[in-house]
Amino acid sequence: MTEQVQKRIEDLLSQNDLFLFMKGTPDFPMCGFSARAVAILKETGVTFGSFNVLEDAEIREGIKAFGNWPTIPQLYFKKELIGGSDIMMEMYQAGELQTLIKQ
Amino acid sequence: MTTQQIHERLQLNFQDAQVEVTDLTGTSDHIQVLIRSEKFHGKTRMQRHRMVMDVFSEELKSGEIHALTIQAETLN
């Protein structure tokens, strides 16, 4: 991953504490797992930033290296990877996601 | 990658594990893994998921496995 891509990712992450790299957009998710991630975030009612990796191959691959996580979606909170849609679901069901993102 | 191959590789990497592998879509690339092993003891969710994903890093990179849904718990 080039420094330039890393810089772009960091700029994106500074737009919002809660940031979701996904396939598609919150209103038009293009993959089941991204749709699930968006649904969970909407349930929590907290605003979040998002980026459609389908529109940018450089970010799509770069974020996998950045987060050391091979799949999309990826949720970040305060620039730290929280996880993919599985972990988001587990944390949401345990109430951990809500407490975390309200800090 | 067949569920059988995935099951074998997980059993190899997690000797004590109870493993269930499901092909979610019948296309051998949307896979669900339920795995219980003492190796997950004391590990965060993130670490557990990484431990399982690392076993398939090549297939995830190549896209042979497109999506991997994981539930990783300890044995007891």
# chains A, B, ... in the order shown; residues from 1 in each chain; ligands from 1

$ residues_around --residues "Ile70 in chain B" --least-positions-apart "5" --cutoff "9 Å" --atoms "only C-alpha atoms" --output "list in words"
Asp86 and Ile87 of chain A; Ile31, Gln32, Val33, Leu34, Ile35, Arg48, His49, Val52 and Met53 of chain B

$ write_last_selection --atoms "N, CA, C and O atoms" --output "mmCIF file, in the first residue's frame"
data_model
loop_
_atom_site.group_PDB
_atom_site.id
_atom_site.type_symbol
_atom_site.label_atom_id
_atom_site.label_comp_id
_atom_site.auth_asym_id
_atom_site.auth_seq_id
_atom_site.Cartn_x
_atom_site.Cartn_y
_atom_site.Cartn_z
ATOM 1 N N ASP A 86 -19.760 -9.471 10.894
ATOM 2 C CA ASP A 86 -19.946 -10.485 11.952
ATOM 3 C C ASP A 86 -19.701 -9.906 13.328
ATOM 4 O O ASP A 86 -20.521 -10.038 14.237
ATOM 5 N N ILE A 87 -18.530 -9.275 13.452
ATOM 6 C CA ILE A 87 -18.146 -8.741 14.765
ATOM 7 C C ILE A 87 -19.115 -7.630 15.151
ATOM 8 O O ILE A 87 -19.563 -7.543 16.301
ATOM 9 N N ILE B 31 -19.091 -18.736 2.776
ATOM 10 C CA ILE B 31 -18.950 -19.841 3.728
ATOM 11 C C ILE B 31 -19.230 -19.361 5.146
ATOM 12 O O ILE B 31 -18.812 -18.277 5.523
ATOM 13 N N GLN B 32 -19.944 -20.213 5.914
ATOM 14 C CA GLN B 32 -20.124 -19.927 7.340
ATOM 15 C C GLN B 32 -19.361 -20.976 8.137
ATOM 16 O O GLN B 32 -19.454 -22.165 7.842
ATOM 17 N N VAL B 33 -18.594 -20.499 9.107
ATOM 18 C CA VAL B 33 -17.818 -21.416 9.949
ATOM 19 C C VAL B 33 -18.225 -21.232 11.406
ATOM 20 O O VAL B 33 -18.220 -20.107 11.913
ATOM 21 N N LEU B 34 -18.637 -22.339 12.037
ATOM 22 C CA LEU B 34 -18.842 -22.343 13.492
ATOM 23 C C LEU B 34 -17.708 -23.182 14.054
ATOM 24 O O LEU B 34 -17.524 -24.328 13.632
ATOM 25 N N ILE B 35 -16.930 -22.588 14.952
ATOM 26 C CA ILE B 35 -15.756 -23.330 15.436
ATOM 27 C C ILE B 35 -15.577 -23.099 16.933
ATOM 28 O O ILE B 35 -15.668 -21.953 17.394
ATOM 29 N N ARG B 48 -9.963 -13.645 17.486
ATOM 30 C CA ARG B 48 -10.527 -14.952 17.090
ATOM 31 C C ARG B 48 -10.828 -14.965 15.591
ATOM 32 O O ARG B 48 -10.474 -15.906 14.881
ATOM 33 N N HIS B 49 -11.464 -13.890 15.149
ATOM 34 C CA HIS B 49 -11.801 -13.853 13.715
ATOM 35 C C HIS B 49 -10.526 -13.865 12.872
ATOM 36 O O HIS B 49 -10.452 -14.547 11.852
ATOM 37 N N VAL B 52 -9.017 -17.325 12.459
ATOM 38 C CA VAL B 52 -9.706 -18.173 11.474
ATOM 39 C C VAL B 52 -9.435 -17.658 10.059
ATOM 40 O O VAL B 52 -9.109 -18.416 9.152
ATOM 41 N N MET B 53 -9.492 -16.342 9.885
ATOM 42 C CA MET B 53 -9.271 -15.789 8.543
ATOM 43 C C MET B 53 -7.854 -16.052 8.049
ATOM 44 O O MET B 53 -7.626 -16.304 6.864
#

$ interface_residues --of "chain B" --to "chain A" --cutoff "7 Å" --atoms "only C-alpha atoms" --output "MDAnalysis selection string"
chainID B and resid 45:46 60:61 69:70

$ write_last_selection --atoms "all heavy atoms" --output "PDB file, in the first residue's frame"
ATOM      1  N   ARG B  45     -12.835 -10.853  20.226  1.00  0.00           N
ATOM      2  CA  ARG B  45     -13.545 -11.273  18.989  1.00  0.00           C
ATOM      3  C   ARG B  45     -12.645 -11.039  17.778  1.00  0.00           C
ATOM      4  O   ARG B  45     -12.505 -11.881  16.901  1.00  0.00           O
ATOM      5  CB  ARG B  45     -14.812 -10.437  18.822  1.00  0.00           C
ATOM      6  CG  ARG B  45     -15.962 -10.875  19.703  1.00  0.00           C
ATOM      7  CD  ARG B  45     -17.261 -10.251  19.214  1.00  0.00           C
ATOM      8  NE  ARG B  45     -18.352 -10.623  20.104  1.00  0.00           N
ATOM      9  CZ  ARG B  45     -18.686  -9.940  21.196  1.00  0.00           C
ATOM     10  NH1 ARG B  45     -18.020  -8.850  21.519  1.00  0.00           N
ATOM     11  NH2 ARG B  45     -19.677 -10.338  21.963  1.00  0.00           N
ATOM     12  N   MET B  46     -12.006  -9.878  17.761  1.00  0.00           N
ATOM     13  CA  MET B  46     -11.156  -9.525  16.615  1.00  0.00           C
ATOM     14  C   MET B  46     -10.047 -10.562  16.433  1.00  0.00           C
ATOM     15  O   MET B  46      -9.818 -11.062  15.339  1.00  0.00           O
ATOM     16  CB  MET B  46     -10.540  -8.154  16.878  1.00  0.00           C
ATOM     17  CG  MET B  46      -9.493  -7.747  15.879  1.00  0.00           C
ATOM     18  SD  MET B  46     -10.187  -7.327  14.293  1.00  0.00           S
ATOM     19  CE  MET B  46     -11.002  -5.813  14.728  1.00  0.00           C
ATOM     20  N   LEU B  60      -8.960 -15.888   0.522  1.00  0.00           N
ATOM     21  CA  LEU B  60      -9.699 -14.634   0.705  1.00  0.00           C
ATOM     22  C   LEU B  60      -9.124 -13.560  -0.207  1.00  0.00           C
ATOM     23  O   LEU B  60      -9.839 -12.765  -0.808  1.00  0.00           O
ATOM     24  CB  LEU B  60      -9.628 -14.181   2.167  1.00  0.00           C
ATOM     25  CG  LEU B  60     -10.574 -14.932   3.114  1.00  0.00           C
ATOM     26  CD1 LEU B  60     -10.193 -14.724   4.562  1.00  0.00           C
ATOM     27  CD2 LEU B  60     -12.027 -14.508   2.881  1.00  0.00           C
ATOM     28  N   LYS B  61      -7.772 -13.601  -0.366  1.00  0.00           N
ATOM     29  CA  LYS B  61      -7.127 -12.603  -1.234  1.00  0.00           C
ATOM     30  C   LYS B  61      -7.518 -12.854  -2.688  1.00  0.00           C
ATOM     31  O   LYS B  61      -7.860 -11.944  -3.430  1.00  0.00           O
ATOM     32  CB  LYS B  61      -5.604 -12.705  -1.072  1.00  0.00           C
ATOM     33  CG  LYS B  61      -4.866 -11.374  -1.205  1.00  0.00           C
ATOM     34  CD  LYS B  61      -3.382 -11.528  -0.864  1.00  0.00           C
ATOM     35  CE  LYS B  61      -3.140 -11.522   0.661  1.00  0.00           C
ATOM     36  NZ  LYS B  61      -1.733 -11.824   1.016  1.00  0.00           N
ATOM     37  N   THR B  69     -18.228 -16.036   7.055  1.00  0.00           N
ATOM     38  CA  THR B  69     -18.932 -15.662   8.278  1.00  0.00           C
ATOM     39  C   THR B  69     -18.436 -16.565   9.397  1.00  0.00           C
ATOM     40  O   THR B  69     -18.389 -17.776   9.226  1.00  0.00           O
ATOM     41  CB  THR B  69     -20.449 -15.860   8.078  1.00  0.00           C
ATOM     42  OG1 THR B  69     -20.813 -15.148   6.916  1.00  0.00           O
ATOM     43  CG2 THR B  69     -21.229 -15.373   9.255  1.00  0.00           C
ATOM     44  N   ILE B  70     -18.011 -15.964  10.477  1.00  0.00           N
ATOM     45  CA  ILE B  70     -17.330 -16.763  11.517  1.00  0.00           C
ATOM     46  C   ILE B  70     -18.012 -16.609  12.865  1.00  0.00           C
ATOM     47  O   ILE B  70     -18.377 -15.509  13.272  1.00  0.00           O
ATOM     48  CB  ILE B  70     -15.867 -16.281  11.666  1.00  0.00           C
ATOM     49  CG1 ILE B  70     -15.094 -16.508  10.380  1.00  0.00           C
ATOM     50  CG2 ILE B  70     -15.172 -16.979  12.835  1.00  0.00           C
ATOM     51  CD1 ILE B  70     -13.786 -15.746  10.317  1.00  0.00           C
TER      52      ILE B  70
END

$ closest_residue --among "B:Gln15, B:Ser28, B:Gly42, B:Glu8" --to "Glu64 in chain B" --atoms "only C-alpha atoms"
B:Ser28

$ residues_around --residues "range 40-46 of chain A" --least-positions-apart "2" --cutoff "10 Å" --atoms "only C-alpha atoms" --output "PyMOL selection string"
chain A and resi 18+20+26+34-38+48+75+85+88-89+92-93+95+97-99+101-102

$ residues_around --residues "Arg60 in chain A" --least-positions-apart "6" --cutoff "10 Å" --atoms "only C-alpha atoms" --output "number ranges by chain"
A: 21-23, 51-54, 71-73

$ select_by_dssp --residues "chain B" --states "strand (DSSP E)" --output "ChimeraX atom specification"
/B:18-23,30-36,67-73

$ closest_residue --among "A:Asp11, A:Asp17, A:Glu3, A:Asp56" --to "Leu100 in chain A" --atoms "only C-alpha atoms"
A:Asp17

$ residues_around --residues "His30 in chain B" --least-positions-apart "4" --cutoff "8 Å" --atoms "only C-alpha atoms" --output "ChimeraX atom specification"
/B:23-26,65-69

$ select_by_dssp --residues "chain B" --states "alpha helix (DSSP H)" --output "list in words"
Thr3, Gln4, Gln5, Ile6, His7, Glu8, Arg9, Leu10, Gln11, Leu12, Asn13, Arg45, Met46, Gln47, Arg48, His49, Arg50, Met51, Val52, Met53, Asp54, Val55, Ser57, Glu58, Glu59, Leu60, Lys61 and Ser62 of chain B

$ closest_residue --among "A:Glu80, A:Ala39, A:Gly62, A:Ala94" --to "Thr25 in chain A" --atoms "only C-alpha atoms"
A:Ala39

$ residues_around --residues "Gln6 in chain A" --least-positions-apart "3" --cutoff "10 Å" --atoms "only C-alpha atoms" --output "ChimeraX atom specification"
/A:1-3,9-12,59,62-63,65-66
